[in-house]
>>> print(open('input_22.tsv').read())   # TSV, C-alpha atoms
chain	number	residue	atom	x	y	z
M	1	MET	CA	-26.44	55.40	-69.88
M	2	TRP	CA	-24.52	52.13	-69.74
M	3	SER	CA	-21.33	53.85	-68.76
M	4	LEU	CA	-23.17	55.62	-65.92
M	5	ALA	CA	-24.47	52.31	-64.65
M	6	LEU	CA	-21.00	50.85	-64.92
M	7	ILE	CA	-19.50	53.73	-62.97
M	8	ALA	CA	-22.19	53.39	-60.31
M	9	LEU	CA	-21.49	49.68	-60.07
M	10	LEU	CA	-17.74	50.22	-59.80
M	11	THR	CA	-18.23	52.87	-57.13
M	12	CYS	CA	-20.36	50.48	-55.11
M	13	LEU	CA	-17.74	47.78	-55.51
M	14	ILE	CA	-14.90	50.05	-54.43
M	15	ALA	CA	-16.96	51.42	-51.56
M	16	SER	CA	-17.69	47.92	-50.35
M	17	LEU	CA	-13.98	47.11	-50.55
M	18	MET	CA	-13.08	50.25	-48.61
M	19	THR	CA	-15.51	49.52	-45.83
M	20	THR	CA	-14.13	46.07	-45.15
M	21	PRO	CA	-15.23	45.11	-41.65
M	22	GLN	CA	-13.56	47.19	-38.97
M	23	LYS	CA	-10.93	45.26	-37.05
M	24	GLN	CA	-11.78	44.87	-33.39
M	25	HIS	CA	-9.74	43.70	-30.43
M	26	PRO	CA	-10.47	42.37	-26.95
M	27	HIS	CA	-10.72	45.24	-24.46
M	28	SER	CA	-9.92	43.41	-21.25
M	29	LEU	CA	-8.73	40.13	-19.80
M	30	GLY	CA	-12.31	39.54	-18.71
M	31	GLU	CA	-13.56	39.79	-22.27
M	32	LEU	CA	-10.84	37.38	-23.37
M	33	PHE	CA	-11.82	34.91	-20.67
M	34	ASN	CA	-15.54	35.14	-21.45
M	35	THR	CA	-14.99	34.73	-25.17
M	36	PHE	CA	-12.89	31.60	-24.80
M	37	SER	CA	-15.17	30.17	-22.12
M	38	MET	CA	-18.18	30.56	-24.38
M	39	LEU	CA	-16.27	28.95	-27.23
M	40	ALA	CA	-15.11	26.09	-25.10
M	41	ILE	CA	-18.50	25.10	-23.74
M	42	GLN	CA	-19.96	25.06	-27.25
M	43	GLY	CA	-17.09	23.17	-28.82
M	44	PHE	CA	-18.36	19.63	-29.05
M	45	GLY	CA	-16.09	17.46	-31.16
M	46	GLY	CA	-13.33	20.05	-31.03
M	47	VAL	CA	-13.32	23.82	-30.63
M	48	LEU	CA	-11.68	24.79	-33.89
M	49	ALA	CA	-14.79	25.43	-36.00
M	50	PHE	CA	-16.19	27.58	-33.19
M	51	ILE	CA	-12.96	29.56	-32.79
M	52	GLU	CA	-12.89	30.46	-36.48
M	53	ARG	CA	-16.50	31.59	-36.56
M	54	GLU	CA	-16.28	33.55	-33.31
M	55	LEU	CA	-12.93	35.30	-33.77
M	56	VAL	CA	-13.21	35.97	-37.52
M	57	ASP	CA	-16.92	36.34	-38.28
M	58	LYS	CA	-18.40	37.62	-35.03
M	59	LYS	CA	-15.78	39.38	-32.91
M	60	LYS	CA	-13.61	40.37	-35.89
M	61	TRP	CA	-10.44	40.17	-33.78
M	62	MET	CA	-8.69	38.88	-36.89
M	63	THR	CA	-9.35	38.64	-40.61
M	64	ARG	CA	-9.63	35.27	-42.33
M	65	THR	CA	-6.17	35.82	-43.85
M	66	GLU	CA	-4.66	36.57	-40.46
M	67	PHE	CA	-6.38	33.52	-39.04
M	68	VAL	CA	-4.78	31.34	-41.70
M	69	GLU	CA	-1.34	32.86	-41.09
M	70	GLU	CA	-1.56	32.31	-37.34
M	71	TRP	CA	-2.92	28.83	-37.96
M	72	SER	CA	0.22	27.97	-39.96
M	73	ILE	CA	2.20	28.45	-36.77
M	74	ALA	CA	-0.35	26.97	-34.35
M	75	ARG	CA	-0.62	23.80	-36.44
M	76	THR	CA	3.12	23.34	-36.93
M	77	MET	CA	4.16	23.70	-33.30
M	78	PRO	CA	3.76	20.88	-30.78
M	79	GLY	CA	0.60	20.92	-28.67
M	80	PRO	CA	-3.11	20.98	-29.46
M	81	PRO	CA	-3.35	23.35	-32.48
M	82	ALA	CA	-6.60	25.03	-31.38
M	83	LEU	CA	-5.13	25.67	-27.95
M	84	ASN	CA	-1.91	27.00	-29.47
M	85	LEU	CA	-3.99	29.47	-31.44
M	86	CYS	CA	-5.81	30.65	-28.30
M	87	ILE	CA	-2.51	31.16	-26.49
M	88	MET	CA	-1.23	33.15	-29.48
M	89	VAL	CA	-4.33	35.37	-29.49
M	90	GLY	CA	-4.12	35.93	-25.73
M	91	ALA	CA	-0.39	36.65	-25.88
M	92	LYS	CA	-0.79	39.05	-28.78
M	93	HIS	CA	-3.19	41.31	-26.90
M	94	PHE	CA	-2.20	40.93	-23.24
M	95	GLY	CA	1.17	39.15	-23.06
M	96	TRP	CA	1.65	36.28	-20.62
M	97	ARG	CA	-1.46	37.22	-18.67
M	98	GLY	CA	-3.50	36.98	-21.86
M	99	ALA	CA	-2.05	33.56	-22.60
M	100	LEU	CA	-2.92	32.30	-19.11
M	101	VAL	CA	-6.42	33.76	-19.19
M	102	SER	CA	-7.10	32.18	-22.59
M	103	LEU	CA	-5.98	28.80	-21.29
M	104	ALA	CA	-8.12	29.18	-18.16
M	105	GLY	CA	-11.12	30.12	-20.30
M	106	MET	CA	-10.66	27.08	-22.50
M	107	PHE	CA	-10.50	24.64	-19.60
M	108	MET	CA	-12.51	25.88	-16.63
M	109	PHE	CA	-16.07	25.04	-17.65
M	110	PRO	CA	-15.25	22.04	-19.87
M	111	THR	CA	-13.47	20.45	-16.89
M	112	MET	CA	-16.62	20.66	-14.78
M	113	ILE	CA	-18.79	19.31	-17.59
M	114	ILE	CA	-16.46	16.49	-18.49
M	115	LEU	CA	-16.19	15.19	-14.93
M	116	THR	CA	-19.98	15.18	-14.64
M	117	LEU	CA	-20.11	13.24	-17.90
M	118	ALA	CA	-17.46	10.80	-16.70
M	119	ILE	CA	-19.58	9.94	-13.69
M	120	ALA	CA	-22.73	9.69	-15.83
M	121	TYR	CA	-20.94	7.55	-18.39
M	122	ALA	CA	-20.10	4.96	-15.76
M	123	HIS	CA	-23.87	4.47	-15.38
M	124	PHE	CA	-25.29	5.02	-18.87
M	125	GLY	CA	-22.32	4.58	-21.19
M	126	ASN	CA	-23.38	1.20	-22.52
M	127	GLN	CA	-26.84	2.28	-23.64
M	128	PRO	CA	-26.97	1.77	-27.42
M	129	GLN	CA	-28.92	5.02	-27.85
M	130	ILE	CA	-26.11	7.01	-26.23
M	131	VAL	CA	-23.55	5.31	-28.45
M	132	ASP	CA	-25.63	6.10	-31.58
M	133	ALA	CA	-26.22	9.70	-30.50
M	134	LEU	CA	-22.48	10.14	-30.08
M	135	ARG	CA	-21.87	8.77	-33.57
M	136	GLY	CA	-24.38	11.25	-34.97
M	137	MET	CA	-22.62	14.11	-33.19
M	138	GLY	CA	-19.29	12.80	-34.44
M	139	ALA	CA	-20.51	12.98	-38.05
M	140	VAL	CA	-21.71	16.57	-37.54
M	141	ALA	CA	-18.40	17.55	-35.92
M	142	ALA	CA	-16.54	16.07	-38.89
M	143	GLY	CA	-18.64	18.15	-41.28
M	144	MET	CA	-18.00	21.29	-39.21
M	145	ILE	CA	-14.22	20.88	-39.33
M	146	GLY	CA	-14.24	20.09	-43.04
M	147	ALA	CA	-16.37	23.15	-43.79
M	148	THR	CA	-14.10	25.39	-41.71
M	149	GLY	CA	-11.15	24.21	-43.78
M	150	LEU	CA	-13.07	24.85	-47.01
M	151	LYS	CA	-13.95	28.38	-45.87
M	152	LEU	CA	-10.31	29.12	-45.08
M	153	LEU	CA	-9.33	28.14	-48.64
M	154	SER	CA	-10.64	31.53	-49.76
M	155	ALA	CA	-7.79	33.19	-47.86
M	156	LEU	CA	-5.34	31.56	-50.29
M	157	LYS	CA	-6.54	33.81	-53.12
M	158	THR	CA	-4.23	36.57	-51.90
M	159	ASN	CA	-1.33	34.21	-51.13
M	160	PRO	CA	1.85	35.29	-52.96
M	161	LEU	CA	2.45	31.68	-54.01
M	162	GLY	CA	-0.29	32.15	-56.57
M	163	VAL	CA	-3.50	30.23	-57.00
M	164	LYS	CA	-1.98	27.41	-59.07
M	165	VAL	CA	0.79	26.54	-56.62
M	166	CYS	CA	-1.63	26.80	-53.68
M	167	ALA	CA	-4.12	24.53	-55.42
M	168	ALA	CA	-1.40	21.96	-56.15
M	169	LEU	CA	-0.23	21.96	-52.52
M	170	VAL	CA	-3.79	21.72	-51.19
M	171	ILE	CA	-4.72	18.84	-53.48
M	172	LEU	CA	-1.47	16.93	-52.89
M	173	SER	CA	-1.79	17.27	-49.11
M	174	PHE	CA	-5.43	16.21	-49.15
M	175	VAL	CA	-4.86	13.18	-51.35
M	176	GLY	CA	-1.77	12.22	-49.36
M	177	ILE	CA	-3.52	12.38	-45.99
M	178	ALA	CA	-7.09	11.37	-46.74
M	179	ILE	CA	-6.59	8.80	-49.51
M	180	LEU	CA	-3.00	7.53	-49.31
M	181	GLN	CA	-2.85	7.78	-45.49
M	182	TRP	CA	0.57	9.44	-45.38
M	183	ARG	CA	1.75	10.42	-41.92
M	184	LEU	CA	0.78	13.99	-41.07
M	185	LEU	CA	4.23	14.90	-39.86
M	186	TYR	CA	5.84	13.92	-43.17
M	187	VAL	CA	3.24	15.86	-45.16
M	188	LEU	CA	3.92	18.87	-42.95
M	189	ILE	CA	7.69	18.60	-43.36
M	190	VAL	CA	7.83	17.76	-47.09
M	191	LEU	CA	4.92	19.66	-48.64
M	192	GLY	CA	5.08	22.41	-46.00
M	193	GLY	CA	8.81	22.65	-46.66
M	194	ILE	CA	8.22	23.04	-50.39
M	195	GLY	CA	5.63	25.76	-49.70
M	196	TYR	CA	8.07	27.53	-47.40
M	197	VAL	CA	10.93	27.52	-49.91
M	198	LEU	CA	8.67	28.69	-52.75
M	199	ALA	CA	7.21	31.48	-50.59
M	200	PHE	CA	10.68	32.50	-49.45
M	201	LEU	CA	11.88	32.85	-53.06
M	202	LYS	CA	8.71	34.60	-54.14
M	203	LEU	CA	8.86	37.18	-51.35
M	204	LYS	CA	12.45	37.98	-52.33
M	205	ASP	CA	11.27	38.79	-55.85
M	206	GLN	CA	8.71	41.21	-54.53
M	207	ALA	CA	11.00	43.03	-52.13
T	1	MET	CA	-17.10	-8.25	-16.02
T	2	ASN	CA	-15.49	-4.89	-15.37
T	3	GLU	CA	-11.86	-5.40	-14.61
T	4	THR	CA	-10.69	-3.14	-11.81
T	5	LEU	CA	-7.28	-2.03	-10.74
T	6	THR	CA	-5.97	-1.13	-7.32
T	7	LEU	CA	-2.71	0.70	-7.41
T	8	ALA	CA	-0.20	1.70	-4.80
T	9	MET	CA	1.32	4.78	-6.42
T	10	LEU	CA	4.54	6.13	-4.96
T	11	TRP	CA	5.70	9.71	-5.36
T	12	THR	CA	8.19	8.51	-7.93
T	13	ASP	CA	5.29	6.98	-9.88
T	14	TRP	CA	3.40	10.28	-9.91
T	15	PHE	CA	6.57	11.96	-11.07
T	16	ASN	CA	7.00	9.39	-13.84
T	17	LEU	CA	3.42	9.99	-14.93
T	18	PHE	CA	4.07	13.72	-15.16
T	19	LYS	CA	7.36	13.10	-16.92
T	20	HIS	CA	5.75	10.83	-19.50
T	21	PHE	CA	3.16	13.42	-20.54
T	22	ALA	CA	5.70	16.24	-20.42
T	23	SER	CA	8.09	14.39	-22.71
T	24	ILE	CA	5.48	13.52	-25.33
T	25	SER	CA	4.04	17.06	-25.16
T	26	ILE	CA	7.03	18.35	-27.11
T	27	ALA	CA	6.51	15.65	-29.75
T	28	SER	CA	2.79	16.30	-30.15
T	29	VAL	CA	2.76	18.16	-33.45
T	30	GLY	CA	-0.88	18.11	-34.55
T	31	GLY	CA	-2.22	17.63	-31.05
T	32	PRO	CA	-2.14	14.90	-28.45
T	33	LEU	CA	-4.53	12.62	-30.32
T	34	VAL	CA	-1.65	11.57	-32.59
T	35	LEU	CA	0.10	10.28	-29.46
T	36	LEU	CA	-2.63	7.84	-28.46
T	37	PRO	CA	-0.62	4.72	-29.38
T	38	GLU	CA	2.29	5.85	-27.21
T	39	ILE	CA	0.04	6.80	-24.32
T	40	TYR	CA	-1.70	3.43	-24.54
T	41	GLN	CA	1.62	1.61	-24.59
T	42	PHE	CA	2.82	3.43	-21.48
T	43	LEU	CA	-0.29	3.63	-19.28
T	44	VAL	CA	-2.07	0.39	-20.14
T	45	VAL	CA	0.58	-2.06	-21.35
T	46	GLN	CA	3.80	-1.04	-19.66
T	47	GLN	CA	2.68	0.37	-16.30
T	48	SER	CA	-0.82	-1.15	-15.99
T	49	TRP	CA	-2.07	2.05	-14.37
T	50	LEU	CA	-5.21	2.12	-16.51
T	51	THR	CA	-7.52	-0.60	-17.86
T	52	ASP	CA	-8.34	-0.98	-21.52
T	53	ALA	CA	-11.93	0.04	-20.83
T	54	GLN	CA	-10.89	3.15	-18.91
T	55	PHE	CA	-8.54	4.13	-21.72
T	56	SER	CA	-11.23	3.98	-24.41
T	57	ALA	CA	-13.92	5.51	-22.19
T	58	SER	CA	-11.65	8.51	-21.54
T	59	ILE	CA	-11.43	9.19	-25.29
T	60	VAL	CA	-15.15	8.64	-25.93
T	61	ILE	CA	-16.22	10.95	-23.09
T	62	ALA	CA	-13.76	13.68	-24.10
T	63	GLN	CA	-15.14	13.61	-27.64
T	64	ALA	CA	-18.71	13.72	-26.42
T	65	SER	CA	-18.16	16.71	-24.20
T	66	PRO	CA	-17.46	20.32	-25.10
T	67	GLY	CA	-13.99	21.77	-24.93
T	68	PRO	CA	-10.58	20.96	-26.34
T	69	ASN	CA	-10.03	17.31	-27.30
T	70	VAL	CA	-6.93	17.20	-25.10
T	71	MET	CA	-9.28	16.83	-22.11
T	72	PHE	CA	-9.04	13.08	-22.60
T	73	VAL	CA	-5.67	13.33	-20.86
T	74	ALA	CA	-7.35	14.76	-17.76
T	75	LEU	CA	-9.83	11.88	-17.75
T	76	MET	CA	-7.05	9.32	-18.00
T	77	GLY	CA	-5.41	10.98	-15.01
T	78	TRP	CA	-8.75	11.02	-13.18
T	79	ASN	CA	-9.11	7.28	-13.72
T	80	ILE	CA	-5.56	6.55	-12.61
T	81	GLY	CA	-6.35	8.54	-9.46
T	82	LEU	CA	-9.47	6.45	-8.89
T	83	ASN	CA	-7.41	3.28	-9.31
T	84	ALA	CA	-4.83	4.61	-6.86
T	85	GLY	CA	-7.19	5.20	-3.98
T	86	GLY	CA	-10.42	6.90	-4.94
T	87	PHE	CA	-11.92	10.33	-5.29
T	88	GLY	CA	-9.29	12.02	-3.16
T	89	TRP	CA	-6.57	11.17	-5.64
T	90	ALA	CA	-8.53	11.64	-8.85
T	91	PRO	CA	-8.34	15.46	-9.13
T	92	PHE	CA	-4.66	15.41	-8.18
T	93	ALA	CA	-3.84	12.83	-10.85
T	94	ALA	CA	-5.88	14.71	-13.46
T	95	VAL	CA	-3.94	17.90	-12.75
T	96	ILE	CA	-0.61	16.04	-12.91
T	97	CYS	CA	-1.42	14.66	-16.35
T	98	MET	CA	-2.82	17.90	-17.77
T	99	ALA	CA	0.13	19.92	-16.45
T	100	GLY	CA	2.46	17.42	-18.08
T	101	ILE	CA	0.82	17.48	-21.50
T	102	LEU	CA	0.18	21.25	-21.55
T	103	LEU	CA	3.14	22.96	-19.87
T	104	PRO	CA	5.96	22.26	-22.33
T	105	SER	CA	3.98	22.89	-25.51
T	106	SER	CA	2.23	25.96	-24.09
T	107	VAL	CA	5.47	27.58	-22.95
T	108	LEU	CA	6.98	26.83	-26.34
T	109	ILE	CA	4.08	28.34	-28.31
T	110	PHE	CA	4.05	31.38	-26.02
T	111	VAL	CA	7.75	32.05	-26.59
T	112	THR	CA	7.31	31.40	-30.31
T	113	ALA	CA	4.30	33.71	-30.52
T	114	ARG	CA	6.22	36.54	-28.86
T	115	TRP	CA	9.20	36.01	-31.15
T	116	VAL	CA	7.04	35.82	-34.27
T	117	GLN	CA	5.20	38.99	-33.29
T	118	ALA	CA	8.46	40.85	-32.76
T	119	ASN	CA	9.89	39.58	-36.05
T	120	GLN	CA	6.78	39.52	-38.20
T	121	HIS	CA	8.45	41.48	-40.97
T	122	LEU	CA	11.33	39.05	-41.43
T	123	ARG	CA	11.19	37.32	-44.78
T	124	ALA	CA	11.61	33.92	-43.11
T	125	VAL	CA	8.62	34.55	-40.83
T	126	ARG	CA	6.35	35.74	-43.64
T	127	ALA	CA	7.44	32.85	-45.85
T	128	PHE	CA	6.62	30.41	-43.05
T	129	LYS	CA	3.13	31.79	-42.48
T	130	LEU	CA	2.29	32.05	-46.17
T	131	GLY	CA	4.14	28.99	-47.44
T	132	LEU	CA	2.59	26.60	-44.96
T	133	SER	CA	-0.93	27.99	-45.29
T	134	PRO	CA	-2.04	25.74	-48.18
T	135	VAL	CA	-0.82	22.60	-46.42
T	136	VAL	CA	-2.27	23.34	-42.98
T	137	ILE	CA	-5.65	24.34	-44.44
T	138	SER	CA	-5.72	21.19	-46.53
T	139	MET	CA	-4.96	19.22	-43.37
T	140	MET	CA	-8.07	20.69	-41.77
T	141	VAL	CA	-10.25	19.60	-44.70
T	142	ALA	CA	-8.59	16.18	-44.61
T	143	ALA	CA	-9.25	15.94	-40.85
T	144	GLY	CA	-12.95	16.45	-41.53
T	145	TRP	CA	-12.80	13.78	-44.21
T	146	LEU	CA	-10.98	11.30	-41.97
T	147	LEU	CA	-13.30	11.92	-39.01
T	148	ALA	CA	-16.32	11.38	-41.24
T	149	THR	CA	-15.02	8.09	-42.60
T	150	ALA	CA	-13.28	6.75	-39.48
T	151	ASN	CA	-15.35	4.47	-37.25
T	152	THR	CA	-17.65	3.76	-40.13
T	153	ASP	CA	-18.23	0.36	-41.56
T	154	GLY	CA	-17.82	0.93	-45.30
T	155	VAL	CA	-20.76	1.73	-47.51
T	156	ARG	CA	-23.18	0.39	-44.92
T	157	ASP	CA	-22.68	3.60	-42.94
T	158	TRP	CA	-23.62	5.95	-45.78
T	159	PRO	CA	-26.12	7.85	-43.57
T	160	LEU	CA	-23.23	9.04	-41.37
T	161	TRP	CA	-21.28	10.21	-44.41
T	162	LEU	CA	-24.33	11.97	-45.75
T	163	LEU	CA	-24.88	13.71	-42.41
T	164	ALA	CA	-21.25	14.90	-42.38
T	165	ALA	CA	-21.50	16.14	-45.98
T	166	VAL	CA	-24.79	17.98	-45.41
T	167	THR	CA	-23.38	19.56	-42.25
T	168	ALA	CA	-20.32	20.72	-44.18
T	169	VAL	CA	-22.49	22.41	-46.82
T	170	ILE	CA	-24.68	24.09	-44.18
T	171	VAL	CA	-21.72	25.37	-42.13
T	172	TYR	CA	-20.04	26.58	-45.33
T	173	ARG	CA	-23.06	28.38	-46.72
T	174	THR	CA	-25.05	29.60	-43.70
T	175	LYS	CA	-24.57	31.05	-40.24
T	176	ILE	CA	-26.87	28.57	-38.53
T	177	HIS	CA	-25.75	27.95	-34.97
T	178	MET	CA	-23.49	24.92	-34.91
T	179	LEU	CA	-24.88	23.76	-31.55
T	180	LEU	CA	-28.23	23.27	-33.26
T	181	LEU	CA	-26.57	21.07	-35.87
T	182	LEU	CA	-24.89	19.02	-33.16
T	183	ALA	CA	-28.20	18.57	-31.38
T	184	ILE	CA	-29.83	17.42	-34.61
T	185	GLY	CA	-26.96	14.97	-35.15
T	186	ALA	CA	-27.41	13.57	-31.66
T	187	ALA	CA	-31.18	13.27	-32.12
T	188	LEU	CA	-30.82	11.55	-35.49
T	189	GLY	CA	-28.32	9.16	-33.95
T	190	ALA	CA	-30.40	8.37	-30.88
T	191	SER	CA	-33.49	7.78	-33.02
T	192	GLY	CA	-31.60	5.01	-34.80
T	193	LEU	CA	-32.00	6.60	-38.23
T	194	LEU	CA	-28.27	6.60	-38.88
T	195	VAL	CA	-27.81	2.89	-38.36
T	196	MET	CA	-28.61	0.67	-41.29
T	197	GLY	CA	-29.79	-2.79	-40.43
>>> encode(input="input_22.tsv", output="C-alpha cells")
Amino acid sequence: MWSLALIALLTCLIASLMTTPQKQHPHSLGELFNTFSMLAIQGFGGVLAFIERELVDKKKWMTRTEFVEEWSIARTMPGPPALNLCIMVGAKHFGWRGALVSLAGMFMFPTMIILTLAIAYAHFGNQPQIVDALRGMGAVAAGMIGATGLKLLSALKTNPLGVKVCAALVILSFVGIAILQWRLLYVLIVLGGIGYVLAFLKLKDQA
Amino acid sequence: MNETLTLAMLWTDWFNLFKHFASISIASVGGPLVLLPEIYQFLVVQQSWLTDAQFSASIVIAQASPGPNVMFVALMGWNIGLNAGGFGWAPFAAVICMAGILLPSSVLIFVTARWVQANQHLRAVRAFKLGLSPVVISMMVAAGWLLATANTDGVRDWPLWLLAAVTAVIVYRTKIHMLLLLAIGAALGASGLLVMG
C-alpha cells in the first residue's frame, strides 16, 4: 500500500519535472517591439523586475537559469544592464534588427511620457505631496528589485560551483556592497574573478 | 529664485557634449547612474551648461517615470537645449546626449552577444556565465537594499523600509501586478503616512 503511494508520488514528481514549461520564442519583430514597449511603460523605478517577470514567468522566452547566465554578461559589460539584456535578447532571435527593435521598444513610449512629466514637473515639482508620493514609489521599486534578486538565487542551485561556494560569494558580495560600501567595480572584478576561476576549474573536472 | 542659463552653443560644443557621453559610455559598467559624479562635474561645474536644479530634477523625473533609468541623460540634454535657445534645440540636444551614452555600449554588447552566442560551448564562456552568476545576483539584492536605505533619514524613516520589505515579500511570493504595488506606494506616500513627524 505504502509502496504504491510512494510510486504514485514519484511518478507525479517525475511527470512534473518532464513537463517543465515549454520554451517559447518571439515570432516576429513586431512581437519583440510590443513586448519591450509594454515592459518599458510599466517599469517605474527601473525595468529590471518587469523584464524578469515578463520574459521568464509569462512569455517563457528564457528559463530562470538562462536569465541568470545572460544577466552575468549584461551586468558585466558597460551600459545600462537591463538595456544590455534587451539587446542580447533581440540579437539572439533576430540579429541586428532584433537589437534595434528592442532598443526602440524600450525608449519610444517612455520618451513621450518623460517629456510630458518634465513639463509638468516644472509646474508641480515642488508640491510636498508629489515629493512624498515619489518616495513611496521609490521604496516599492527598491523592494521589487530586491525580490527579483532573491528569486534569481534559486537558479544557483544547479550552478556547478556548488551551493556552498555560491552562498559564500553571494553573502560576501552583499555584505561588501550593502554594509561595507565597497565599490561595485572592485566587487565585480575581485569576487567575480574568483567565481570565474573556480567555475573554470570545475568545468574542466567535469569535461 | 530659479537661476537660469542662456547659452550660445557652437557646433564644437555640441560635438563635445556628444563626445563626453560617448567616452563615459564605455566606462559605465553597472549603468550610467554610477557616472553621475562625472556627469555633474562636466555639465554643471566645468562647462556650466546645466544648473544644479536642472541636474537634480532630471534624475528625479527619470526615476518617477516609466522606462530605463538612463532616460535621465535625455532630460539633461533636453534642459541643455532649453538653455541654448528653447524648444527648438531641446529635442536635438536630447538625441545628442542619448546617442552618446547609448551608441558605444550598445554596439559593444551587440558584438559581445553575437560572439558569446557563437562560442557558447567554450569553457571560458560557460565559466564566465556561471562563475559570475552568484556575484551579479547578489548585486541585484544589494541594489534593492541600497535603494531602500538611500535617501532615508535613519530610523526615523522606518515606514519606508517597512514598505520596501513588504513589497519584496509580496513580489517574491505572489504574482500580484507590480503596477498596483507602485500605485499603492505612491498613494501611501502622498497621504503622508510614510513621513514620521
>>> atom_distance(input="input_22.tsv", atom1="CA of Leu179 (chain T)", atom2="CA of Asp57 (chain M)")
16.3 Å
>>> residues_near_point(input="input_22.tsv", point="(-16.4, 21.9, -31.8)", cutoff="10 Å", atoms="all atoms listed in the file", output="mmCIF file with C-alpha atoms, in the frame of the given file")
data_model
loop_
_atom_site.group_PDB
_atom_site.id
_atom_site.type_symbol
_atom_site.label_atom_id
_atom_site.label_comp_id
_atom_site.auth_asym_id
_atom_site.auth_seq_id
_atom_site.Cartn_x
_atom_site.Cartn_y
_atom_site.Cartn_z
ATOM 1 C CA LEU M 39 -16.270 28.950 -27.230
ATOM 2 C CA ALA M 40 -15.110 26.090 -25.100
ATOM 3 C CA ILE M 41 -18.500 25.100 -23.740
ATOM 4 C CA GLN M 42 -19.960 25.060 -27.250
ATOM 5 C CA GLY M 43 -17.090 23.170 -28.820
ATOM 6 C CA PHE M 44 -18.360 19.630 -29.050
ATOM 7 C CA GLY M 45 -16.090 17.460 -31.160
ATOM 8 C CA GLY M 46 -13.330 20.050 -31.030
ATOM 9 C CA VAL M 47 -13.320 23.820 -30.630
ATOM 10 C CA LEU M 48 -11.680 24.790 -33.890
ATOM 11 C CA ALA M 49 -14.790 25.430 -36.000
ATOM 12 C CA PHE M 50 -16.190 27.580 -33.190
ATOM 13 C CA ILE M 51 -12.960 29.560 -32.790
ATOM 14 C CA GLY M 138 -19.290 12.800 -34.440
ATOM 15 C CA VAL M 140 -21.710 16.570 -37.540
ATOM 16 C CA ALA M 141 -18.400 17.550 -35.920
ATOM 17 C CA ALA M 142 -16.540 16.070 -38.890
ATOM 18 C CA MET M 144 -18.000 21.290 -39.210
ATOM 19 C CA ILE M 145 -14.220 20.880 -39.330
ATOM 20 C CA GLN T 63 -15.140 13.610 -27.640
ATOM 21 C CA SER T 65 -18.160 16.710 -24.200
ATOM 22 C CA PRO T 66 -17.460 20.320 -25.100
ATOM 23 C CA GLY T 67 -13.990 21.770 -24.930
ATOM 24 C CA PRO T 68 -10.580 20.960 -26.340
ATOM 25 C CA ASN T 69 -10.030 17.310 -27.300
ATOM 26 C CA MET T 178 -23.490 24.920 -34.910
ATOM 27 C CA LEU T 179 -24.880 23.760 -31.550
ATOM 28 C CA LEU T 182 -24.890 19.020 -33.160
#
>>> residues_around(input="input_22.tsv", residues="Ile137 (chain T)", least_positions_apart="3", cutoff="9 Å", atoms="only C-alpha atoms", output="PyMOL selection string")
(chain M and resi 68+71-72+148-150+152-153+170) or (chain T and resi 132-134+140-142)
>>> residues_around(input="input_22.tsv", residues="Leu169 (chain M)", least_positions_apart="2", cutoff="12 Å", atoms="all atoms listed in the file", output="PyMOL selection string")
(chain M and resi 153+156+161-167+171-176+187-188+190-196+198) or (chain T and resi 131-139)
>>> residues_around(input="input_22.tsv", residues="Ala164 (chain T)", least_positions_apart="3", cutoff="10 Å", atoms="all atoms listed in the file", output="list in words")
Gly136, Met137, Gly138, Ala139, Val140, Ala141, Ala142, Gly143, Met144, Ile145, Gly146 and Ala147 of chain M; Gly144, Trp145, Leu147, Ala148, Thr149, Trp158, Pro159, Leu160, Trp161, Thr167, Ala168, Val169, Ile170 and Gly185 of chain T
>>> build_atoms(input="input_22.tsv", residues="region 109-120 of chain T", atoms="N, CA and C atoms", output="PDB file, keeping the file's coordinate frame")
ATOM      1  N   ILE T 109       4.864  27.538 -27.361  1.00  0.00           N
ATOM      2  CA  ILE T 109       4.080  28.340 -28.310  1.00  0.00           C
ATOM      3  C   ILE T 109       4.033  29.797 -27.842  1.00  0.00           C
ATOM      4  N   PHE T 110       4.053  30.005 -26.523  1.00  0.00           N
ATOM      5  CA  PHE T 110       4.050  31.380 -26.020  1.00  0.00           C
ATOM      6  C   PHE T 110       5.333  32.104 -26.433  1.00  0.00           C
ATOM      7  N   VAL T 111       6.467  31.451 -26.205  1.00  0.00           N
ATOM      8  CA  VAL T 111       7.750  32.050 -26.590  1.00  0.00           C
ATOM      9  C   VAL T 111       7.799  32.274 -28.097  1.00  0.00           C
ATOM     10  N   THR T 112       7.322  31.273 -28.848  1.00  0.00           N
ATOM     11  CA  THR T 112       7.310  31.400 -30.310  1.00  0.00           C
ATOM     12  C   THR T 112       6.425  32.562 -30.740  1.00  0.00           C
ATOM     13  N   ALA T 113       5.234  32.662 -30.136  1.00  0.00           N
ATOM     14  CA  ALA T 113       4.300  33.710 -30.520  1.00  0.00           C
ATOM     15  C   ALA T 113       4.907  35.087 -30.293  1.00  0.00           C
ATOM     16  N   ARG T 114       5.596  35.251 -29.151  1.00  0.00           N
ATOM     17  CA  ARG T 114       6.220  36.540 -28.860  1.00  0.00           C
ATOM     18  C   ARG T 114       7.313  36.851 -29.887  1.00  0.00           C
ATOM     19  N   TRP T 115       8.096  35.816 -30.201  1.00  0.00           N
ATOM     20  CA  TRP T 115       9.200  36.010 -31.150  1.00  0.00           C
ATOM     21  C   TRP T 115       8.661  36.342 -32.538  1.00  0.00           C
ATOM     22  N   VAL T 116       7.626  35.605 -32.948  1.00  0.00           N
ATOM     23  CA  VAL T 116       7.040  35.820 -34.270  1.00  0.00           C
ATOM     24  C   VAL T 116       6.471  37.227 -34.369  1.00  0.00           C
ATOM     25  N   GLN T 117       5.808  37.661 -33.279  1.00  0.00           N
ATOM     26  CA  GLN T 117       5.200  38.990 -33.290  1.00  0.00           C
ATOM     27  C   GLN T 117       6.270  40.077 -33.415  1.00  0.00           C
ATOM     28  N   ALA T 118       7.385  39.854 -32.717  1.00  0.00           N
ATOM     29  CA  ALA T 118       8.460  40.850 -32.760  1.00  0.00           C
ATOM     30  C   ALA T 118       9.180  40.845 -34.107  1.00  0.00           C
ATOM     31  N   ASN T 119       9.143  39.704 -34.787  1.00  0.00           N
ATOM     32  CA  ASN T 119       9.890  39.580 -36.050  1.00  0.00           C
ATOM     33  C   ASN T 119       8.984  39.340 -37.240  1.00  0.00           C
ATOM     34  N   GLN T 120       7.754  39.867 -37.160  1.00  0.00           N
ATOM     35  CA  GLN T 120       6.780  39.520 -38.200  1.00  0.00           C
ATOM     36  C   GLN T 120       7.154  40.017 -39.578  1.00  0.00           C
TER      37      GLN T 120
END
